[in-house]
Amino acid sequence: MIRLITLMRAELRVSTGSNTPVPHTPNVLVIDDDVELCELISQYLERQGFAVECVNSGVDGIERSLSGHHTIVILDVMLPDIKGFEVLNRIRASSQLPVLMLTARGNEQDRILGLEMGADDYLPKPFNPRELSARIEAILRRSARDELEQKPGSPERIVVDDVELDKGTRTVRRSGQVIDLTTVEFDLLETLLRTAGHVLSREEMVRRVLNREFSPFDRSIDTHISNLRKKLGRRPNGYDRIKGVRGVGYLYALAYDSDKGDN
Amino acid sequence: MRRLFYKIFLWFWLAIIVVSVTLVALTASEYSRASEDEHWSSKYGPIVDLWAQREAEILDSEGKNDLLKYDSRFVLEPALRSYMFDASGSEVLGRVAPPRIMQIAAQLASSTQIEPQFYSSERIIAKKTIGAGGHAYVGIVVYPQPSVMRRRLFEFFSVDVDPKDLLRLGAVIAVAGLFCFWLARQITRPIGKLRLATREIANEHLETRVDKEVLTRRDELADLGRDFDRMAQRLDSLVAAQRRLLADVSHALRSPLARLSVALGLAREDVTPETARHLDRIELESDRLNSLIGQLLTMARVEGGVDLDQKKRFDLNLLLEEITADGDYEARGKRRSVELVTTTPCVVDGVPEMLRGAIENVVRNAVRHTAEGTTVAISMNSIPGPSGPRALIQVRDHGPGVPEAELPEIFVPFHRVPDASHQDGTGLGLAITERTIRFHAGSVSAVNAPGGGLLVTIELPIVSSSASPATNEVDRRIPTPVRS
């Protein structure tokens, strides 16, 4: 039974300040072997206006993900047949379908690995279902915005020192070499490059890139920053590209800035 | 520290040197003894020859009395003994001769040798002579042996060594040196490799295995290497198994909570204010359960040393800044604040996430207890310590403090300050902090601050007091996969 509660969705949209509409009746695929939890999640999300399909194994999960029927995947790390990360890998091999990972395992390696492999966000169990709903909406908003901005024929490129970001093809080059980034890493780098030389607070980054509100002790952005640093590497002269600024946030350092010395 | 190598090398070499030198000395002494004998025989041979002939002449012409006179003039050295035997084998002057002399006399009597016979080792010269009257006589003179002591010393200090011999000796010692070097190396090298592997394991790199070079040998050290690998494999599996267990336990405990949480969300859909309050309570207790599970598992992780392979060198100062920022963000929601008052660049060895959790526990505790409108002050300084510089981190709040008697107890698991009205803590946070800091070779303590509130002090050993460019960021790297 699908009951549209547009009021709640509108509230959420307003609170995050974005006016990109969520796709009409978004289709959610839940991949989790916890049958009862799937049932509960389905009930909850359907009341929020989503269409939900559940599968309980990794193999089924891959098959359904690649079917093209869904707009977002909720994926649990612990599956009976193949690992959740493997499922993520297979999905990412041929699609940029948004993926939100869930885990009850309680270690941070899962989060780091998941985000690096291309998951859009990460929620530990147990979670407040409101939070789940909000994150799904944030991811869908970002995804929709990316699609709108990806206009072929009018490629917008941002170049800062030796890094070149092409919005049309969604590729990034460092000194000519193509760097493989996840969708979130791409958006994050774009945001950093646009404000290169200026500090961006973590709250601001979460809002712009992840499309949701910042909560303390939430390490998603830090993990994305760390992964981005790893993938881009340091400058040829050995200095960092992305600097942490005391208690405030991060900035993408311009060449002459970093040559002047560390902050 | 290559003491074993030098021990083996030097002792074997010394042994060879001693043997070689002794050999050369013996040979030289043999040689010099031979030359001494040569010298003796060539000096005294003709003398005895003449003496024997003269005595034979005297015996045949003048008789025994004259012989005695001649003989006593000849025998000047007291140790010298002379004997004269006639053809029948009896001593002409009636002197008693030892059996050996008799034996020699008998031998010569029956031989046709008229040249002097030398018995160098016994210092005996015997000569058969034919007297004027045609009678055969055997004259025997016994010379004193050179004194043993004198001889040995004589040989030792003035041994006649050919410089070519010394060169040969030198060559032998050099070759022996090379051989001993190689021998010592053959033994100590695999031991060195085993030691390296052991140290890596001790530094939590459980995927380490012994260098192949050790395993291809065919001796006890290769066996040791194989046993080591087996042990390392076991350690590796144990830690991996523990990690899996913790993950499984977490999954098992949190799955029901996850279902509970979503069901709660559903229940809130149509609800009366009264029921809403009950649901709030359910949510609160559910959160507490989850928090407790998290703490228990963290405690198990710390105790089990499961994350110690994430150990690396990083900037403690930057970590502290992040903790302050996060703590402050949370505190502001409760009309309090957190501030990093002083800090200093500080590089430590450790697991960043473990230390983050440990320090955060203290900070969040402080935020929970500090009075409304106050600021929790964090500071870090570097102080000298008995075994090197240490980082001193202090967190001070403006809360009620802790009764003096209870101060040491607050780091005990599940300890509760009796009159505290704050029930949000699980009772494990500070215990986890204490364990974690201890694992990092540090210490943590608490005192009541002057002016009210609690002052928690954390000490950690630091690597250096200035951050190097390489550690300019707090790098949260992906753990390297365990070698299969």
# chains A, B, ... in the order shown; residues from 1 in each chain; ligands from 1
$ closest_atom_pairs --of "chain B" --to "chain A" --cutoff "6 Å" --atoms "only C-alpha atoms" --output "Markdown table"
| residue | atom | partner | partner_atom | distance |
| --- | --- | --- | --- | --- |
| B:Ala247 | CA | A:Arg105 | CA | 4.6 |
| B:Ser250 | CA | A:Arg105 | CA | 5.2 |
| B:His251 | CA | A:Ala104 | CA | 4.5 |
| B:Arg254 | CA | A:Ala104 | CA | 5.8 |
| B:Leu257 | CA | A:Pro126 | CA | 5.7 |
| B:Ala258 | CA | A:Pro126 | CA | 3.9 |
| B:Arg259 | CA | A:Leu37 | CA | 5.2 |
| B:Val262 | CA | A:Pro129 | CA | 5.4 |
| B:Gly265 | CA | A:Pro129 | CA | 5.9 |
| B:Leu266 | CA | A:Tyr44 | CA | 6.0 |
| B:Glu321 | CA | A:Gly247 | CA | 5.5 |
| B:Glu322 | CA | A:Gly247 | CA | 5.8 |
| B:Ala325 | CA | A:Gly247 | CA | 5.0 |
| B:Asp326 | CA | A:Pro216 | CA | 5.3 |
$ write_last_selection --atoms "C-alpha atoms" --output "PDB file, in the first residue's frame"
ATOM      1  CA  ALA B 247      31.870  -8.410  13.744  1.00  0.00           C
ATOM      2  CA  SER B 250      27.983  -6.883  16.626  1.00  0.00           C
ATOM      3  CA  HIS B 251      25.785  -8.050  13.774  1.00  0.00           C
ATOM      4  CA  ARG B 254      22.396  -5.001  16.424  1.00  0.00           C
ATOM      5  CA  LEU B 257      17.876  -3.332  17.516  1.00  0.00           C
ATOM      6  CA  ALA B 258      17.696  -2.336  13.874  1.00  0.00           C
ATOM      7  CA  ARG B 259      14.284  -3.971  13.511  1.00  0.00           C
ATOM      8  CA  VAL B 262      12.339   0.821  12.217  1.00  0.00           C
ATOM      9  CA  GLY B 265       9.541   4.705  13.365  1.00  0.00           C
ATOM     10  CA  LEU B 266       6.418   3.044  12.039  1.00  0.00           C
ATOM     11  CA  GLU B 321      41.836  19.723  16.734  1.00  0.00           C
ATOM     12  CA  GLU B 322      39.287  17.455  15.066  1.00  0.00           C
ATOM     13  CA  ALA B 325      35.693  20.637  16.614  1.00  0.00           C
ATOM     14  CA  ASP B 326      33.377  17.660  16.869  1.00  0.00           C
TER      15      ASP B 326
END
$ select_by_dssp --residues "range 94-140 of chain A" --states "alpha helix (DSSP H)" --output "ChimeraX atom specification"
/A:94,108-116,129-140
$ atom_distance --atom1 "CA of Val28 in chain A" --atom2 "CA of Glu53 in chain A"
6.2 Å
$ residues_around --residues "range 205-215 of chain B" --least-positions-apart "5" --cutoff "6 Å" --atoms "only C-alpha atoms" --output "ChimeraX atom specification"
/B:190,197,200,222,229,236,483
$ write_last_selection --atoms "C-alpha atoms" --output "compact mmCIF listing (two decimals), in the first residue's frame"
# COMPACT_ATOMS: atom_id res chain seq x y z
CA PRO B 190 69.57 -17.01 9.09
CA ALA B 197 60.72 -11.71 11.16
CA GLU B 200 57.91 -7.63 12.50
CA ALA B 222 65.43 -24.13 8.37
CA ASP B 229 55.98 -19.58 9.87
CA ASP B 236 47.36 -14.37 12.12
CA ARG B 483 48.54 -11.76 2.88
$ residues_around --residues "range 167-184 of chain A" --least-positions-apart "6" --cutoff "10 Å" --atoms "only C-alpha atoms" --output "PyMOL selection string"
chain A and resi 92+96-98+115-121+139+142-143+146-147+149-161+190+209-210+221+224+227-228+231-233
$ atom_distance --atom1 "CA of Ser120 in chain B" --atom2 "CA of Asp37 in chain B"
6.0 Å
$ residues_around --residues "range 289-303 of chain B" --least-positions-apart "6" --cutoff "10 Å" --atoms "only C-alpha atoms" --output "MDAnalysis selection string"
(chainID A and resid 106:107 125:126) or (chainID B and resid 242:243 246:247 249:250 253:254 257:258 283 354 357 413 424:429 431:433 435:437 439)
$ write_last_selection --atoms "N, CA and C atoms" --output "compact mmCIF listing (two decimals), in the first residue's frame"
# COMPACT_ATOMS: atom_id res chain seq x y z
N GLY A 106 29.86 -2.86 13.01
CA GLY A 106 30.49 -2.03 14.03
C GLY A 106 31.96 -1.70 13.85
N ASN A 107 32.53 -1.88 12.67
CA ASN A 107 33.93 -1.47 12.51
C ASN A 107 34.03 -0.40 11.44
N LYS A 125 23.77 0.17 11.43
CA LYS A 125 22.58 -0.30 12.13
C LYS A 125 22.87 -0.31 13.62
N PRO A 126 21.91 -0.05 14.46
CA PRO A 126 20.54 0.35 14.14
C PRO A 126 20.47 1.83 13.75
N GLN B 242 39.26 -13.51 15.74
CA GLN B 242 38.71 -12.63 16.76
C GLN B 242 38.00 -11.45 16.13
N ARG B 243 38.62 -10.92 15.08
CA ARG B 243 37.98 -9.81 14.38
C ARG B 243 36.63 -10.23 13.83
N LEU B 246 34.03 -10.54 16.62
CA LEU B 246 33.51 -9.25 17.05
C LEU B 246 32.49 -8.72 16.05
N ALA B 247 32.80 -8.86 14.77
CA ALA B 247 31.87 -8.41 13.74
C ALA B 247 30.57 -9.20 13.82
N VAL B 249 29.32 -10.81 16.44
CA VAL B 249 28.61 -10.46 17.66
C VAL B 249 27.88 -9.14 17.47
N SER B 250 28.60 -8.18 16.88
CA SER B 250 27.98 -6.88 16.63
C SER B 250 26.75 -7.05 15.75
N LEU B 253 23.84 -8.74 17.69
CA LEU B 253 23.19 -7.90 18.69
C LEU B 253 22.46 -6.73 18.07
N ARG B 254 22.98 -6.22 16.98
CA ARG B 254 22.40 -5.00 16.42
C ARG B 254 21.25 -5.24 15.45
N LEU B 257 18.03 -4.76 17.23
CA LEU B 257 17.88 -3.33 17.52
C LEU B 257 17.48 -2.56 16.26
N ALA B 258 18.03 -3.01 15.13
CA ALA B 258 17.70 -2.34 13.87
C ALA B 258 16.20 -2.50 13.58
N GLU B 283 12.67 4.43 22.59
CA GLU B 283 13.78 4.85 21.73
C GLU B 283 15.02 5.14 22.56
N MET B 354 41.82 4.53 17.49
CA MET B 354 41.72 4.11 18.89
C MET B 354 41.92 5.31 19.81
N GLY B 357 38.96 7.68 19.77
CA GLY B 357 37.89 7.21 20.64
C GLY B 357 38.21 7.45 22.11
N PRO B 413 35.67 -0.40 34.82
CA PRO B 413 34.48 -0.62 34.01
C PRO B 413 33.20 -0.60 34.84
N ASP B 424 23.49 9.22 31.24
CA ASP B 424 23.74 8.99 29.82
C ASP B 424 24.98 8.15 29.55
N GLY B 425 25.95 8.26 30.45
CA GLY B 425 27.15 7.47 30.22
C GLY B 425 26.88 5.98 30.43
N THR B 426 27.62 5.15 29.75
CA THR B 426 27.40 3.71 29.89
C THR B 426 28.25 3.14 31.00
N GLY B 427 29.23 3.90 31.50
CA GLY B 427 30.10 3.38 32.53
C GLY B 427 31.34 2.71 31.97
N LEU B 428 31.45 2.63 30.65
CA LEU B 428 32.60 1.96 30.06
C LEU B 428 33.57 2.93 29.39
N GLY B 429 33.08 4.11 29.08
CA GLY B 429 33.87 5.06 28.31
C GLY B 429 35.26 5.29 28.87
N ALA B 431 36.83 3.53 31.08
CA ALA B 431 37.59 2.28 31.16
C ALA B 431 38.25 1.99 29.81
N ILE B 432 37.50 2.23 28.73
CA ILE B 432 38.07 2.05 27.39
C ILE B 432 39.23 3.00 27.19
N THR B 433 39.05 4.24 27.63
CA THR B 433 40.12 5.22 27.50
C THR B 433 41.38 4.73 28.21
N ARG B 435 42.30 1.70 29.07
CA ARG B 435 42.93 0.56 28.40
C ARG B 435 43.68 1.00 27.16
N THR B 436 43.02 1.85 26.37
CA THR B 436 43.61 2.28 25.11
C THR B 436 44.91 3.04 25.35
N ILE B 437 44.88 3.97 26.30
CA ILE B 437 46.08 4.76 26.58
C ILE B 437 47.20 3.86 27.09
N PHE B 439 47.66 0.75 26.30
CA PHE B 439 48.17 0.04 25.14
C PHE B 439 49.15 0.89 24.35
$ residues_around --residues "Arg212 in chain A" --least-positions-apart "3" --cutoff "9 Å" --atoms "only C-alpha atoms" --output "compact mmCIF listing (two decimals) with N, CA and C atoms, in the first residue's frame"
# COMPACT_ATOMS: atom_id res chain seq x y z
N SER A 15 14.22 21.88 4.39
CA SER A 15 15.26 22.01 5.41
C SER A 15 16.66 21.90 4.84
N THR A 16 16.83 21.25 3.72
CA THR A 16 18.17 21.17 3.15
C THR A 16 18.42 22.21 2.08
N ALA A 134 15.80 10.34 5.00
CA ALA A 134 16.46 11.60 4.67
C ALA A 134 17.67 11.37 3.78
N ARG A 135 18.46 10.34 4.10
CA ARG A 135 19.66 10.07 3.31
C ARG A 135 19.32 9.63 1.90
N GLU A 137 16.72 10.48 0.23
CA GLU A 137 16.31 11.68 -0.49
C GLU A 137 17.51 12.52 -0.89
N ALA A 138 18.47 12.66 0.02
CA ALA A 138 19.66 13.45 -0.27
C ALA A 138 20.42 12.87 -1.45
N ILE A 139 20.58 11.55 -1.43
CA ILE A 139 21.31 10.89 -2.51
C ILE A 139 20.59 11.07 -3.84
N VAL A 206 29.25 18.92 3.67
CA VAL A 206 28.19 17.91 3.78
C VAL A 206 26.93 18.42 3.10
N ARG A 207 26.65 19.71 3.34
CA ARG A 207 25.44 20.28 2.76
C ARG A 207 25.52 20.30 1.24
N ARG A 208 26.63 20.78 0.70
CA ARG A 208 26.72 20.92 -0.75
C ARG A 208 26.90 19.59 -1.47
N VAL A 209 27.76 18.75 -0.89
CA VAL A 209 28.11 17.53 -1.62
C VAL A 209 27.14 16.39 -1.31
$ atom_distance --atom1 "CA of Arg100 in chain B" --atom2 "CA of Ala126 in chain B"
11.9 Å
$ residues_around --residues "Asp71 in chain B" --least-positions-apart "6" --cutoff "10 Å" --atoms "only C-alpha atoms" --output "list of chain:residue names"
B:Trp51, B:Arg54, B:Glu55, B:Asn65, B:Ser82, B:Tyr83, B:Met84
$ write_last_selection --atoms "C-alpha atoms" --output "PDB file, in the first residue's frame"
ATOM      1  CA  TRP B  51     139.964 -39.889  21.528  1.00  0.00           C
ATOM      2  CA  ARG B  54     144.320 -42.441  21.054  1.00  0.00           C
ATOM      3  CA  GLU B  55     142.913 -44.663  23.786  1.00  0.00           C
ATOM      4  CA  ASN B  65     147.298 -47.119  33.930  1.00  0.00           C
ATOM      5  CA  SER B  82     133.255 -42.427  28.613  1.00  0.00           C
ATOM      6  CA  TYR B  83     133.591 -46.147  28.193  1.00  0.00           C
ATOM      7  CA  MET B  84     136.081 -48.312  26.396  1.00  0.00           C
TER       8      MET B  84
END
$ select_by_dssp --residues "range 69-204 of chain A" --states "strand (DSSP E or B)" --output "ChimeraX atom specification"
/A:72-76,99-103,121-124,157-160,163-166,171-174,177-179,200-201
$ decode --residues "range 96-134 of chain B" --atoms "N, CA and C atoms" --output "CSV table (one decimal), in the first residue's frame"
chain,number,residue,atom,x,y,z
B,96,VAL,N,131.3,-49.6,35.2
B,96,VAL,CA,130.0,-50.3,35.0
B,96,VAL,C,129.2,-49.5,34.0
B,97,ALA,N,128.8,-50.2,32.9
B,97,ALA,CA,128.1,-49.4,31.9
B,97,ALA,C,126.6,-49.8,31.9
B,98,PRO,N,125.8,-48.8,31.7
B,98,PRO,CA,124.3,-49.1,31.6
B,98,PRO,C,124.0,-50.1,30.4
B,99,PRO,N,122.9,-50.8,30.5
B,99,PRO,CA,122.6,-51.8,29.5
B,99,PRO,C,122.6,-51.2,28.1
B,100,ARG,N,122.2,-50.1,27.9
B,100,ARG,CA,122.1,-49.5,26.6
B,100,ARG,C,123.5,-49.3,26.0
B,101,ILE,N,124.4,-48.9,26.8
B,101,ILE,CA,125.8,-48.8,26.4
B,101,ILE,C,126.4,-50.1,26.0
B,102,MET,N,126.1,-51.1,26.8
B,102,MET,CA,126.6,-52.5,26.6
B,102,MET,C,126.0,-52.9,25.2
B,103,GLN,N,124.7,-52.6,25.0
B,103,GLN,CA,124.1,-53.0,23.8
B,103,GLN,C,124.8,-52.4,22.6
B,104,ILE,N,125.0,-51.1,22.7
B,104,ILE,CA,125.7,-50.4,21.5
B,104,ILE,C,127.1,-51.0,21.3
B,105,ALA,N,127.8,-51.2,22.4
B,105,ALA,CA,129.1,-51.8,22.3
B,105,ALA,C,129.1,-53.2,21.6
B,106,ALA,N,128.1,-54.0,22.0
B,106,ALA,CA,128.0,-55.3,21.4
B,106,ALA,C,127.7,-55.2,19.9
B,107,GLN,N,126.8,-54.2,19.6
B,107,GLN,CA,126.4,-54.0,18.2
B,107,GLN,C,127.7,-53.7,17.3
B,108,LEU,N,128.4,-52.7,17.9
B,108,LEU,CA,129.6,-52.2,17.1
B,108,LEU,C,130.7,-53.3,17.0
B,109,ALA,N,130.8,-54.0,18.1
B,109,ALA,CA,131.9,-55.1,18.1
B,109,ALA,C,131.7,-56.0,16.9
B,110,SER,N,130.4,-56.3,16.7
B,110,SER,CA,130.2,-57.3,15.6
B,110,SER,C,130.0,-56.7,14.3
B,111,SER,N,130.1,-55.4,14.2
B,111,SER,CA,130.0,-54.8,12.8
B,111,SER,C,131.3,-54.3,12.3
B,112,THR,N,131.4,-54.0,11.1
B,112,THR,CA,132.6,-53.6,10.5
B,112,THR,C,132.8,-52.1,10.4
B,113,GLN,N,131.8,-51.4,10.9
B,113,GLN,CA,131.8,-49.9,10.8
B,113,GLN,C,132.9,-49.3,11.6
B,114,ILE,N,133.7,-48.5,11.0
B,114,ILE,CA,134.8,-47.9,11.8
B,114,ILE,C,134.5,-46.4,11.8
B,115,GLU,N,133.4,-45.9,11.2
B,115,GLU,CA,133.1,-44.5,11.3
B,115,GLU,C,132.3,-44.3,12.6
B,116,PRO,N,132.4,-43.1,13.2
B,116,PRO,CA,131.7,-42.8,14.4
B,116,PRO,C,130.2,-43.0,14.2
B,117,GLN,N,129.6,-43.7,15.2
B,117,GLN,CA,128.1,-43.9,15.2
B,117,GLN,C,127.5,-42.9,16.1
B,118,PHE,N,126.5,-42.2,15.6
B,118,PHE,CA,125.8,-41.1,16.4
B,118,PHE,C,124.4,-41.6,16.9
B,119,TYR,N,124.2,-41.4,18.1
B,119,TYR,CA,122.8,-41.7,18.6
B,119,TYR,C,122.4,-40.3,19.2
B,120,SER,N,121.9,-39.5,18.3
B,120,SER,CA,121.7,-38.0,18.6
B,120,SER,C,120.7,-37.9,19.8
B,121,SER,N,119.6,-38.6,19.7
B,121,SER,CA,118.6,-38.4,20.7
B,121,SER,C,119.1,-38.7,22.1
B,122,GLU,N,120.1,-39.7,22.2
B,122,GLU,CA,120.7,-40.0,23.5
B,122,GLU,C,122.0,-39.3,23.7
B,123,ARG,N,122.4,-38.6,22.8
B,123,ARG,CA,123.7,-37.9,22.8
B,123,ARG,C,124.9,-38.9,23.1
B,124,ILE,N,124.9,-40.0,22.3
B,124,ILE,CA,125.9,-41.0,22.5
B,124,ILE,C,126.7,-41.0,21.1
B,125,ILE,N,128.0,-41.0,21.3
B,125,ILE,CA,128.9,-41.3,20.1
B,125,ILE,C,129.7,-42.5,20.4
B,126,ALA,N,129.7,-43.4,19.4
B,126,ALA,CA,130.4,-44.7,19.6
B,126,ALA,C,131.4,-44.9,18.4
B,127,LYS,N,132.6,-45.3,18.7
B,127,LYS,CA,133.5,-45.5,17.6
B,127,LYS,C,134.3,-46.8,17.8
B,128,LYS,N,134.3,-47.6,16.7
B,128,LYS,CA,135.2,-48.8,16.8
B,128,LYS,C,136.5,-48.5,16.2
B,129,THR,N,137.5,-48.9,16.9
B,129,THR,CA,138.9,-48.6,16.5
B,129,THR,C,139.8,-49.8,16.5
B,130,ILE,N,140.7,-49.8,15.6
B,130,ILE,CA,141.7,-50.9,15.6
B,130,ILE,C,143.0,-50.3,16.2
B,131,GLY,N,143.4,-50.9,17.3
B,131,GLY,CA,144.6,-50.4,17.9
B,131,GLY,C,145.9,-50.8,17.1
B,132,ALA,N,147.0,-50.3,17.6
B,132,ALA,CA,148.3,-50.5,16.9
B,132,ALA,C,148.6,-52.0,16.9
B,133,GLY,N,148.1,-52.7,17.9
B,133,GLY,CA,148.4,-54.1,18.0
B,133,GLY,C,147.4,-55.0,17.3
B,134,GLY,N,146.5,-54.3,16.5
B,134,GLY,CA,145.5,-55.0,15.7
B,134,GLY,C,144.2,-55.4,16.6
